[in-house]
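Pasting structure-v8.txt here (compact mmCIF, C-alpha atoms):
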# COMPACT_ATOMS: atom_id res chain seq x y z
CA MET W 19 17.27 -25.12 -8.10
CA SER W 20 13.88 -25.03 -6.39
CA LEU W 21 13.01 -22.26 -3.93
CA ILE W 22 12.35 -25.11 -1.49
CA ASP W 23 16.10 -25.80 -1.51
CA GLU W 24 16.75 -22.19 -0.49
CA LEU W 25 15.00 -22.87 2.83
CA LYS W 26 18.02 -24.81 4.11
CA SER W 27 20.64 -22.31 2.91
CA LYS W 28 22.37 -20.37 5.69
CA GLU W 29 23.37 -17.71 3.17
CA THR W 30 19.72 -17.21 2.16
CA TRP W 31 18.64 -16.89 5.79
CA GLU W 32 21.34 -14.29 6.45
CA LYS W 33 20.23 -12.27 3.40
CA PHE W 34 16.64 -12.49 4.61
CA ARG W 35 17.67 -11.31 8.07
CA GLU W 36 19.65 -8.42 6.57
CA TYR W 37 16.70 -7.35 4.43
CA LYS W 38 14.28 -7.42 7.36
CA SER W 39 16.68 -5.46 9.55
CA PHE W 40 17.43 -2.83 6.89
CA HIS W 41 13.73 -2.22 6.20
CA SER W 42 12.72 -2.35 9.90
CA CYS W 43 10.17 -5.05 9.11
CA MET W 44 10.46 -6.69 12.54
CA SER W 45 10.44 -5.47 16.13
CA ASN W 46 13.59 -5.83 18.20
CA ARG W 47 12.06 -8.82 19.97
CA GLU W 48 11.16 -10.52 16.70
CA MET W 49 14.64 -9.87 15.38
CA ARG W 50 16.19 -11.49 18.47
CA LEU W 51 14.01 -14.57 18.04
CA LEU W 52 14.91 -14.77 14.35
CA ASP W 53 18.60 -14.51 15.23
CA GLU W 54 18.22 -17.42 17.65
CA PHE W 55 16.42 -19.45 14.99
CA ILE W 56 19.22 -18.85 12.47
CA LYS W 57 22.07 -19.31 14.95
CA GLU W 58 20.68 -22.64 16.15
CA GLU W 59 20.08 -23.66 12.50
CA ARG W 60 16.60 -24.91 13.34
CA TYR W 61 15.69 -24.36 9.69
CA VAL W 62 17.83 -27.34 8.63
CA THR W 63 15.55 -29.98 10.16
CA LEU W 64 12.41 -28.17 9.06
CA ALA W 65 13.61 -27.72 5.49
CA GLY W 66 14.12 -31.46 5.25
CA ARG W 67 10.39 -31.88 5.85
CA PHE W 68 9.32 -29.36 3.17
CA THR W 69 8.82 -31.93 0.44
CA PRO W 70 5.88 -32.83 -1.82
CA GLU W 71 5.86 -36.31 -0.29
CA GLY W 72 6.11 -35.43 3.40
CA TYR W 73 4.76 -31.85 3.18
CA GLY W 74 6.19 -31.15 6.64
CA LEU W 75 3.80 -28.63 8.18
CA SER W 76 1.57 -29.16 11.20
CA ILE W 77 -2.17 -28.52 11.14
CA PRO W 78 -2.69 -24.73 11.42
CA GLU W 79 -4.45 -23.18 14.38
CA ARG W 80 -7.61 -21.25 13.61
CA ARG W 81 -8.28 -18.18 15.76
CA VAL W 82 -10.97 -15.49 15.78
CA ILE W 83 -9.63 -12.05 16.73
CA ASN W 84 -10.82 -8.45 16.74
CA LYS W 85 -10.20 -6.51 13.55
CA SER W 86 -7.71 -3.70 14.00
CA GLY W 87 -9.43 -0.53 15.11
CA SER W 88 -12.87 -2.13 15.57
CA ARG W 89 -14.80 -4.73 17.50
CA LYS W 90 -15.56 -6.78 14.43
CA LYS W 91 -14.12 -10.26 14.26
CA ARG W 92 -11.91 -11.91 11.67
CA THR W 93 -10.49 -15.40 11.32
CA VAL W 94 -6.73 -15.91 11.12
CA TYR W 95 -4.52 -18.99 10.89
CA THR W 96 -1.08 -19.66 12.33
CA PHE W 97 1.38 -22.54 12.21
CA GLU W 98 4.01 -23.40 14.79
CA PRO W 99 6.47 -20.48 15.35
CA ASP W 100 9.39 -22.15 13.55
CA GLU W 101 7.14 -23.11 10.65
CA MET W 102 6.02 -19.49 10.40
CA TYR W 103 9.67 -18.44 10.00
CA MET W 104 10.00 -20.90 7.13
CA LEU W 105 6.88 -19.52 5.48
CA LYS W 106 8.09 -15.94 5.95
CA LEU W 107 11.32 -16.75 4.13
CA LEU W 108 9.42 -18.57 1.39
CA THR W 109 7.14 -15.54 0.95
CA TRP W 110 10.21 -13.32 0.64
CA LEU W 111 11.64 -15.65 -2.01
CA LEU W 112 8.36 -15.64 -3.93
CA TYR W 113 9.11 -12.05 -5.00
CA LYS W 114 10.88 -13.88 -7.81
CA TYR W 115 7.46 -14.08 -9.46
CA ASP W 116 6.57 -10.42 -9.01
CA ASP W 117 6.63 -9.82 -12.76
CA ARG W 118 3.78 -12.33 -13.12
CA ILE W 119 1.48 -10.20 -10.99
CA SER W 120 -0.73 -7.63 -12.72
CA PRO W 121 0.71 -4.09 -12.78
CA CYS W 122 -2.73 -2.95 -11.60
CA CYS W 123 -2.24 -4.82 -8.29
CA TYR W 124 -0.36 -2.83 -5.64
CA SER W 125 -0.57 -4.96 -2.50
CA PHE W 126 2.33 -6.67 -0.71
CA ARG W 127 4.88 -5.94 -3.42
CA ARG W 128 8.36 -4.47 -3.30
CA ASN W 129 8.57 -0.88 -4.48
CA MET W 130 4.76 -0.65 -4.56
CA THR W 131 3.82 2.01 -2.00
CA ALA W 132 0.71 4.09 -1.43
CA LYS W 133 2.60 6.95 -3.08
CA LYS W 134 3.13 4.87 -6.24
CA ALA W 135 -0.55 3.92 -6.39
CA ILE W 136 -1.75 7.49 -5.86
CA SER W 137 0.76 8.83 -8.41
CA ASP W 138 -0.53 6.36 -10.99
CA ILE W 139 -4.11 7.32 -10.23
CA LEU W 140 -3.43 11.04 -10.57
CA ALA W 141 -1.67 10.38 -13.88
CA ILE W 142 -5.00 9.33 -15.42
CA GLY W 143 -5.85 12.92 -16.29
CA ASP W 144 -9.17 14.71 -15.87
CA ILE W 145 -9.59 12.84 -12.61
CA ASP W 146 -12.16 15.30 -11.26
CA GLY W 147 -14.34 14.71 -14.29
CA ARG W 148 -14.51 10.94 -13.73
CA TYR W 149 -17.01 8.72 -11.96
CA VAL W 150 -15.40 6.38 -9.45
CA LEU W 151 -16.35 2.94 -8.15
CA LYS W 152 -14.81 1.88 -4.83
CA ALA W 153 -15.44 -1.86 -4.36
CA ASP W 154 -14.61 -4.38 -1.66
CA ILE W 155 -14.56 -8.19 -1.67
CA HIS W 156 -16.21 -9.93 1.27
CA ASP W 157 -13.82 -12.03 3.40
CA TYR W 158 -11.38 -12.16 0.49
CA PHE W 159 -8.53 -14.21 1.97
CA ASN W 160 -10.52 -16.99 3.62
CA SER W 161 -13.23 -17.27 0.96
CA MET W 162 -10.99 -18.21 -1.98
CA PRO W 163 -11.91 -21.70 -3.24
CA ALA W 164 -8.99 -24.13 -2.98
CA GLN W 165 -9.29 -25.16 -6.63
CA GLY W 166 -9.03 -21.50 -7.68
CA ILE W 167 -5.88 -21.03 -5.61
CA VAL W 168 -4.30 -24.11 -7.18
CA ALA W 169 -5.19 -22.85 -10.67
CA ALA W 170 -3.57 -19.48 -9.86
CA LEU W 171 -0.43 -21.22 -8.59
CA LYS W 172 -0.19 -23.32 -11.76
CA ARG W 173 -0.44 -20.20 -13.91
CA VAL W 174 2.36 -18.42 -12.06
CA ILE W 175 4.77 -21.18 -10.98
CA THR W 176 5.69 -22.90 -14.23
CA ASP W 177 9.40 -23.43 -13.55
CA ASP W 178 9.53 -25.06 -10.09
CA GLU W 179 7.67 -28.36 -9.72
CA ARG W 180 8.68 -28.89 -6.08
CA LEU W 181 7.53 -25.42 -5.06
CA LEU W 182 4.25 -25.84 -6.92
CA ALA W 183 3.66 -29.23 -5.29
CA PHE W 184 4.37 -27.86 -1.82
CA LEU W 185 2.11 -24.81 -2.17
CA THR W 186 -0.62 -26.93 -3.74
CA LYS W 187 -0.54 -29.19 -0.70
CA LEU W 188 -0.51 -26.20 1.65
CA PHE W 189 -3.60 -24.58 0.17
CA SER W 190 -5.54 -27.74 -0.65
CA GLY W 191 -5.88 -28.79 2.98
CA ASN W 192 -9.12 -28.30 4.89
CA GLU W 193 -8.13 -29.05 8.50
CA ALA W 194 -7.60 -26.52 11.25
CA PHE W 195 -6.89 -26.84 14.96
CA GLU W 196 -9.34 -24.81 17.06
CA LYS W 197 -8.98 -23.93 20.73
CA THR W 198 -12.05 -22.66 22.55
CA GLU W 199 -11.87 -21.46 26.14
CA GLY W 200 -13.39 -24.02 28.49
CA GLN W 201 -13.45 -26.76 25.83
CA GLU W 202 -11.09 -29.41 24.60
CA PRO W 203 -9.11 -28.44 21.46
CA ARG W 204 -10.65 -29.92 18.31
CA ILE W 205 -9.99 -30.36 14.62
CA VAL W 206 -12.42 -28.57 12.29
CA HIS W 207 -12.81 -29.12 8.55
CA GLU W 208 -13.49 -26.10 6.36
CA ASN W 209 -12.41 -24.21 3.27
CA ARG W 210 -9.38 -22.33 4.61
CA GLY W 211 -8.90 -20.19 1.52
CA ALA W 212 -5.58 -18.34 1.48
CA MET W 213 -5.47 -18.50 5.30
CA ALA W 214 -5.27 -14.89 6.49
CA GLY W 215 -2.43 -14.55 8.97
CA VAL W 216 -0.16 -17.02 7.18
CA PRO W 217 2.69 -15.14 5.39
CA VAL W 218 2.22 -16.79 1.98
CA SER W 219 -1.41 -15.60 1.90
CA ALA W 220 -0.17 -12.20 0.69
CA PHE W 221 1.27 -13.80 -2.46
CA ILE W 222 -1.97 -15.70 -3.06
CA ALA W 223 -4.00 -12.50 -2.63
CA ASP W 224 -2.01 -10.91 -5.46
CA ILE W 225 -2.15 -13.76 -7.97
CA PHE W 226 -5.67 -15.08 -7.35
CA LEU W 227 -7.51 -12.29 -9.16
CA TRP W 228 -5.16 -12.08 -12.14
CA PRO W 229 -8.03 -12.77 -14.63
CA LEU W 230 -9.98 -9.84 -13.18
CA ASP W 231 -6.94 -7.54 -13.02
CA SER W 232 -5.80 -8.35 -16.55
CA TYR W 233 -9.29 -7.90 -18.02
CA PHE W 234 -9.58 -4.25 -16.96
CA CYS W 235 -5.90 -3.49 -17.57
CA ASP W 236 -6.07 -4.93 -21.09
CA LYS W 237 -9.21 -2.90 -21.81
CA GLY W 238 -7.40 0.28 -20.81
CA ILE W 239 -9.94 1.00 -18.08
CA PRO W 240 -8.31 2.82 -15.11
CA TYR W 241 -8.36 0.06 -12.48
CA PHE W 242 -6.38 -0.28 -9.24
CA ARG W 243 -6.44 -3.11 -6.70
CA TYR W 244 -4.90 -3.43 -3.25
CA SER W 245 -5.75 -6.92 -2.01
CA ASP W 246 -9.56 -6.84 -1.59
CA ASP W 247 -9.98 -3.10 -2.27
CA ILE W 248 -10.66 -2.04 -5.86
CA LEU W 249 -10.85 1.42 -7.41
CA LEU W 250 -12.22 1.88 -10.92
CA PHE W 251 -12.72 5.05 -13.01
CA ALA W 252 -15.24 5.74 -15.79
CA ARG W 253 -16.15 8.71 -17.99
CA SER W 254 -19.92 8.33 -17.59
CA LYS W 255 -22.55 6.83 -15.30
CA GLU W 256 -23.38 4.30 -17.99
CA GLU W 257 -19.79 3.16 -18.34
CA LEU W 258 -19.43 2.93 -14.57
CA GLU W 259 -22.56 0.78 -14.25
CA GLU W 260 -21.30 -1.51 -17.01
CA CYS W 261 -17.95 -1.86 -15.24
CA ARG W 262 -19.67 -2.53 -11.94
CA ASN W 263 -21.71 -5.37 -13.46
CA LEU W 264 -18.60 -6.85 -15.08
CA LEU W 265 -16.68 -6.58 -11.84
CA LYS W 266 -19.40 -8.36 -9.88
CA GLU W 267 -19.72 -11.04 -12.55
CA LYS W 268 -15.98 -11.81 -12.57
CA ILE W 269 -15.67 -11.75 -8.78
CA GLU W 270 -18.54 -14.22 -8.48
CA ALA W 271 -17.01 -16.38 -11.23
CA ALA W 272 -13.91 -16.62 -9.02
CA GLY W 273 -16.07 -18.00 -6.21
CA LEU W 274 -16.06 -14.75 -4.23
CA GLU W 275 -18.67 -12.17 -3.23
CA LEU W 276 -18.75 -8.41 -3.70
CA ASN W 277 -19.29 -6.65 -0.38
CA GLU W 278 -22.19 -4.38 -1.31
CA GLU W 279 -22.11 -2.58 2.06
CA LYS W 280 -18.57 -1.35 1.42
CA THR W 281 -19.02 -0.68 -2.29
CA LYS W 282 -19.48 3.00 -3.07
CA VAL W 283 -19.89 5.24 -6.13
CA PHE W 284 -18.35 8.74 -6.25
CA GLY W 285 -19.71 11.21 -8.75
CA GLN W 286 -17.82 13.85 -10.72
CA GLN W 287 -16.01 16.36 -8.48
CA GLU W 288 -16.68 14.15 -5.43
CA GLY W 289 -13.15 12.72 -5.31
CA PHE W 290 -12.55 9.20 -3.99
CA GLU W 291 -11.23 7.16 -1.07
CA PHE W 292 -8.56 4.48 -1.38
CA LEU W 293 -5.79 3.00 0.79
CA GLY W 294 -6.93 4.95 3.83
CA ILE W 295 -6.79 8.35 2.14
CA LYS W 296 -9.30 10.59 0.37
CA TYR W 297 -8.76 12.78 -2.67
CA LYS W 298 -10.91 15.84 -3.34
CA ASP W 299 -10.30 19.10 -5.20
CA GLY W 300 -6.63 18.33 -5.69
CA GLN W 301 -5.98 17.71 -1.98
CA ILE W 302 -5.07 14.37 -0.37
CA ASP W 303 -6.01 13.84 3.27
CA LEU W 304 -6.75 10.90 5.55
CA ALA W 305 -10.05 9.20 4.78
CA ASP W 306 -12.84 9.83 7.27
CA ALA W 307 -12.92 6.11 8.09
CA THR W 308 -9.18 6.17 8.81
CA VAL W 309 -9.60 9.04 11.25
CA LYS W 310 -12.59 7.37 12.93
CA LYS W 311 -10.77 4.05 13.35
CA MET W 312 -7.79 5.75 14.94
CA LYS W 313 -10.02 7.82 17.23
CA ASP W 314 -11.80 4.65 18.35
CA LYS W 315 -8.46 2.97 18.98
CA ILE W 316 -7.20 5.95 21.01
CA ARG W 317 -10.39 6.15 23.02
CA ARG W 318 -10.45 2.42 23.90
CA LYS W 319 -6.78 2.40 24.86
CA CYS W 320 -7.04 5.48 27.07
CA ARG W 321 -10.18 4.17 28.81
CA ALA W 322 -8.43 0.85 29.45
CA LEU W 323 -5.32 2.56 30.83
CA TYR W 324 -7.44 4.77 33.11
CA ARG W 325 -9.13 1.66 34.57
CA TRP W 326 -5.74 -0.03 34.91
CA ARG W 327 -4.29 3.03 36.64
CA ARG W 328 -7.11 3.17 39.19
CA LYS W 329 -7.06 -0.58 39.85
CA LYS W 330 -3.28 -0.78 40.34
CA GLY W 331 -2.86 2.60 41.99
CA PHE W 332 -0.34 3.84 39.43
CA ASP W 333 0.22 7.53 38.85
CA PHE W 334 -0.94 9.38 35.75
CA GLU W 335 2.54 9.72 34.26
CA LYS W 336 3.13 5.98 34.15
CA ALA W 337 -0.21 5.24 32.46
CA ALA W 338 0.17 8.12 29.98
CA LYS W 339 3.67 6.96 29.01
CA VAL W 340 2.27 3.54 28.08
CA VAL W 341 -0.34 5.09 25.76
CA ILE W 342 2.14 7.54 24.23
CA ARG W 343 4.61 4.74 23.52
CA ILE W 344 1.88 2.63 21.86
CA PHE W 345 0.83 5.42 19.48
CA ASN W 346 4.36 6.56 18.76
CA MET W 347 5.00 3.01 17.57
CA LYS W 348 1.90 3.04 15.39
CA TYR W 349 2.70 6.40 13.87
CA PHE W 350 6.45 6.69 13.53
CA ASP W 351 9.60 4.85 12.51
CA THR W 352 11.37 3.93 15.73
CA GLY W 353 13.54 0.98 16.65
CA ASP W 354 10.58 -1.18 17.54
CA MET W 355 8.48 -0.43 14.47
CA MET W 356 6.57 -2.98 12.49
CA ASP W 357 6.43 -2.89 8.71
CA PHE W 358 3.35 -0.67 8.50
CA THR W 359 3.64 2.78 10.11
CA TRP W 360 1.78 5.97 9.35
CA SER W 361 4.94 7.90 8.62
CA ARG W 362 5.86 5.41 5.90
CA TRP W 363 2.42 4.95 4.43
CA PHE W 364 0.66 8.31 4.68
CA PHE W 365 3.31 11.04 4.93
CA PRO W 366 4.55 10.61 1.33
CA VAL W 367 0.96 10.92 0.06
CA LEU W 368 -0.70 13.64 2.13
CA THR W 369 -0.87 17.21 0.86
CA THR W 370 -2.61 18.64 3.96
CA ASP W 371 -2.24 18.21 7.72
CA ARG W 372 -5.93 18.85 8.49
CA SER W 373 -6.75 15.35 9.75
CA LEU W 374 -3.39 15.02 11.47
CA LYS W 375 -4.31 18.07 13.58
CA ILE W 376 -7.62 16.44 14.48
CA LEU W 377 -5.89 13.26 15.65
CA ASP W 378 -3.26 15.19 17.60
CA GLY W 379 -5.97 17.08 19.46
CA TYR W 380 -7.98 13.94 20.10
CA LEU W 381 -5.02 12.05 21.57
CA VAL W 382 -4.11 14.99 23.82
CA ASN W 383 -7.68 15.17 25.16
CA GLU W 384 -7.86 11.42 25.76
CA LEU W 385 -4.48 11.43 27.52
CA ARG W 386 -5.85 14.13 29.82
CA TYR W 387 -8.86 11.87 30.45
CA ILE W 388 -6.48 9.37 32.04
CA TYR W 389 -5.65 12.09 34.59
CA SER W 390 -9.19 12.46 35.96
CA GLY W 391 -11.50 9.92 34.33
CA ARG W 392 -13.61 12.64 32.77
CA HIS W 393 -13.44 15.54 30.33
CA TYR W 394 -13.44 18.90 32.10
CA LYS W 395 -11.36 22.08 32.42
CA GLY W 396 -9.41 20.70 35.37
CA ASN W 397 -7.63 18.36 32.95
CA TYR W 398 -5.66 21.34 31.67
CA ALA W 399 -3.51 20.89 34.75
CA VAL W 400 -1.82 18.44 32.38
CA THR W 401 -0.19 20.82 29.92
CA TYR W 402 0.94 20.11 26.40
CA GLU W 403 4.52 20.56 27.62
CA ASN W 404 3.91 17.90 30.29
CA LEU W 405 2.82 15.45 27.60
CA LYS W 406 5.86 16.25 25.45
CA GLU W 407 8.08 15.49 28.46
CA LEU W 408 6.37 12.08 28.69
CA GLY W 409 7.28 11.39 25.06
CA PHE W 410 4.27 12.73 23.10
CA ARG W 411 5.13 13.39 19.45
CA SER W 412 2.78 15.46 17.31
CA LEU W 413 1.73 13.97 13.98
CA VAL W 414 1.62 17.45 12.49
CA ASN W 415 5.13 18.36 13.61
CA GLU W 416 6.58 15.04 12.47
CA TYR W 417 4.82 15.35 9.12
CA HIS W 418 6.29 18.79 8.44
CA LYS W 419 9.74 17.63 9.59
CA TRP W 420 9.46 14.77 7.12
CA ARG W 421 8.46 17.12 4.28
CA GLU W 422 11.37 19.44 5.04
CA SER W 423 13.80 16.51 4.97
CA MET W 424 12.68 15.43 1.48

structure tokens encoding of this file:
Amino acid sequence: MSLIDELKSKETWEKFREYKSFHSCMSNREMRLLDEFIKEERYVTLAGRFTPEGYGLSIPERRVINKSGSRKKRTVYTFEPDEMYMLKLLTWLLYKYDDRISPCCYSFRRNMTAKKAISDILAIGDIDGRYVLKADIHDYFNSMPAQGIVAALKRVITDDERLLAFLTKLFSGNEAFEKTEGQEPRIVHENRGAMAGVPVSAFIADIFLWPLDSYFCDKGIPYFRYSDDILLFARSKEELEECRNLLKEKIEAAGLELNEEKTKVFGQQEGFEFLGIKYKDGQIDLADATVKKMKDKIRRKCRALYRWRRKKGFDFEKAAKVVIRIFNMKYFDTGDMMDFTWSRWFFPVLTTDRSLKILDGYLVNELRYIYSGRHYKGNYAVTYENLKELGFRSLVNEYHKWRESM
């Protein structure tokens, strides 16, 4: 039976819902909407359209949004809400092909956590005596050539003609619906690549670079990839330079471009950065870039809430509660958590709380800024205990609680 047939199975939808609920992969609101979708059996009509002949999907909408934690822009694609549910289920079912993804690729896979990646890296041996290349691929998702995606799909999906035909149609299209403020909506034609923002793009990101992954894995060269981030180890400068040239050559052969600005070489004893963390002298901490991004996010949010408080005439407590709730949701596993949270990703990896202390202190200071609109001693009228009463949870305290519970 084709995976396409599974899209109209009530039993499959209920298993999908159970999995998402158990792993807290959706917010409460998203879970309610999914429950409505399943209860009303809206998937039945949609599944009937998921055929090679009719294809069944609308033209995706193309949007330009701010990158998380920065003011840089990125392009994402979305289909109609019900179609996105169908694609989420299909992505979940595509884990069937997980064994056809390189073991050197760690992104978007079950049982592949940051802890697993770091454990594998540390198992190399003599890690402090190695040279390290940290590489990045420019606009990875949306730059993949359509013909390369189709070739990757044909390599992996050899046992399901209907699924292959559907995904080939999905990623061979070049139309997108674009809405610009003040202008009439229009259709644009472009290479959409793997369409960042569309659930199935995660699967494509894993299989697309299989030739690159398998080359280094087969050579026995320590190589680790998480989507567009690559980490590679060498015993000498000469070996590292050779690997860098090979890496660039194979990335360009795939129709992609190495992002030279984000590509970095670490010498012996310098450690490395990967997956938002940094390793040095046997210690694992948050990467400097991770700390900076979170500081920027905290600062922007607190400035915005201060302006909102003054404009609406709300008291400090109400504004501070909003900020505290936002960052509690980013950091910790609560009922409204999304799939990625700091407690899940970083806590199992970190061996020091140094950067967590820095972020705790920064958030406290910025929350006090909301009180007065400036940084000065008078802000200490807002005590740490006051913030705890409003719901503030310390990263450091939660980290040590987590360690004690293990």

**Request:** Would you list the contacts of segment 322-328 of chain W as a PyMOL selection string, taking every protein, DNA or RNA residue within 9 Å and counting all atoms listed in the file, but skipping same-chain residues closer than 6 positions in sequence?
**Result:** chain W and resi 334+336-338+340-341+387-391

**Message:** Please report the interatomic distance between atom CA of Phe284 of chain W and atom CA of Asp144 of chain W in Å with one decimal.
**Reply:** 14.6 Å

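Taking atom CA of His393 of chain W and atom CA of Gly379 of chain W as the two end points, the separation is 13.3 Å.
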
Show me, as CSV, the residues of segment 137-232 of chain W having an atom within 9 Å of segment 72-78 of chain W, each with the closest atom pair and its distance in Å, using all atoms listed in the file.
residue,atom,partner,partner_atom,distance
W:Ala183,CA,W:Tyr73,CA,8.9
W:Phe184,CA,W:Tyr73,CA,6.4
W:Lys187,CA,W:Tyr73,CA,7.1
W:Leu188,CA,W:Tyr73,CA,7.9
W:Gly191,CA,W:Ile77,CA,9.0
W:Glu193,CA,W:Ile77,CA,6.5
W:Ala194,CA,W:Pro78,CA,5.2
W:Phe195,CA,W:Pro78,CA,5.9
W:Glu196,CA,W:Pro78,CA,8.7
W:Ile205,CA,W:Ile77,CA,8.8

So that I have them on file, write out the residues from the current selection with C-alpha atoms, as an mmCIF file, keeping the file's coordinate frame.
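out-v1.cif written:
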data_model
loop_
_atom_site.group_PDB
_atom_site.id
_atom_site.type_symbol
_atom_site.label_atom_id
_atom_site.label_comp_id
_atom_site.auth_asym_id
_atom_site.auth_seq_id
_atom_site.Cartn_x
_atom_site.Cartn_y
_atom_site.Cartn_z
ATOM 1 C CA ALA W 183 3.660 -29.230 -5.290
ATOM 2 C CA PHE W 184 4.370 -27.860 -1.820
ATOM 3 C CA LYS W 187 -0.540 -29.190 -0.700
ATOM 4 C CA LEU W 188 -0.510 -26.200 1.650
ATOM 5 C CA GLY W 191 -5.880 -28.790 2.980
ATOM 6 C CA GLU W 193 -8.130 -29.050 8.500
ATOM 7 C CA ALA W 194 -7.600 -26.520 11.250
ATOM 8 C CA PHE W 195 -6.890 -26.840 14.960
ATOM 9 C CA GLU W 196 -9.340 -24.810 17.060
ATOM 10 C CA ILE W 205 -9.990 -30.360 14.620
#

**Prompt:** Hey, can you check how far atom CA of Arg321 of chain W sits from atom CA of Val382 of chain W?
**Reply:** 13.4 Å

**9 Å contact set for Met49 of chain W, all atoms listed in the file, chain neighbours under 6 positions out, as a PyMOL selection string** = chain W and resi 35+38-39

**Request:** Write out as number ranges by chain the residues lying within 8 Å of segment 213-222 of chain W, counting only C-alpha atoms and excluding same-chain residues fewer than 4 positions away.
**Result:** W: 93-97, 102, 105-106, 108-109, 112, 125-126, 159-160, 167, 170-171, 226

I need segment 252-257 of chain W written out with all heavy atoms, as a compact mmCIF listing (two decimals), in the first residue's frame; please produce it.
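The file below, part26.txt, is the result:
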# COMPACT_ATOMS: atom_id res chain seq x y z
N ALA W 252 39.87 17.11 10.92
CA ALA W 252 41.07 16.65 10.20
C ALA W 252 42.26 16.64 11.16
O ALA W 252 42.27 17.36 12.16
CB ALA W 252 41.36 17.55 9.02
N ARG W 253 43.27 15.83 10.82
CA ARG W 253 44.44 15.71 11.70
C ARG W 253 45.51 16.76 11.40
O ARG W 253 46.42 16.95 12.19
CB ARG W 253 45.05 14.31 11.54
CG ARG W 253 44.12 13.20 12.04
CD ARG W 253 44.82 11.86 12.02
NE ARG W 253 43.97 10.78 12.49
CZ ARG W 253 43.75 10.49 13.77
NH1 ARG W 253 44.34 11.20 14.71
NH2 ARG W 253 42.96 9.49 14.11
N SER W 254 45.40 17.42 10.25
CA SER W 254 46.42 18.42 9.88
C SER W 254 45.77 19.55 9.09
O SER W 254 44.65 19.40 8.56
CB SER W 254 47.52 17.78 9.04
OG SER W 254 47.01 17.36 7.78
N LYS W 255 46.50 20.66 8.97
CA LYS W 255 46.01 21.78 8.17
C LYS W 255 45.85 21.38 6.72
O LYS W 255 44.91 21.78 6.03
CB LYS W 255 46.97 22.96 8.28
CG LYS W 255 46.99 23.64 9.65
CD LYS W 255 47.95 24.82 9.64
CE LYS W 255 47.98 25.52 10.98
NZ LYS W 255 48.93 26.67 10.99
N GLU W 256 46.79 20.56 6.25
CA GLU W 256 46.76 20.14 4.85
C GLU W 256 45.53 19.26 4.57
O GLU W 256 44.85 19.45 3.55
CB GLU W 256 48.04 19.36 4.51
CG GLU W 256 49.32 20.18 4.52
CD GLU W 256 49.79 20.52 5.94
OE1 GLU W 256 49.39 19.82 6.89
OE2 GLU W 256 50.56 21.51 6.08
N GLU W 257 45.26 18.36 5.48
CA GLU W 257 44.08 17.49 5.30
C GLU W 257 42.80 18.32 5.37
O GLU W 257 41.86 18.09 4.60
CB GLU W 257 44.06 16.41 6.38
CG GLU W 257 42.89 15.44 6.21
CD GLU W 257 42.78 14.44 7.35
OE1 GLU W 257 43.56 14.54 8.33
OE2 GLU W 257 41.90 13.56 7.27
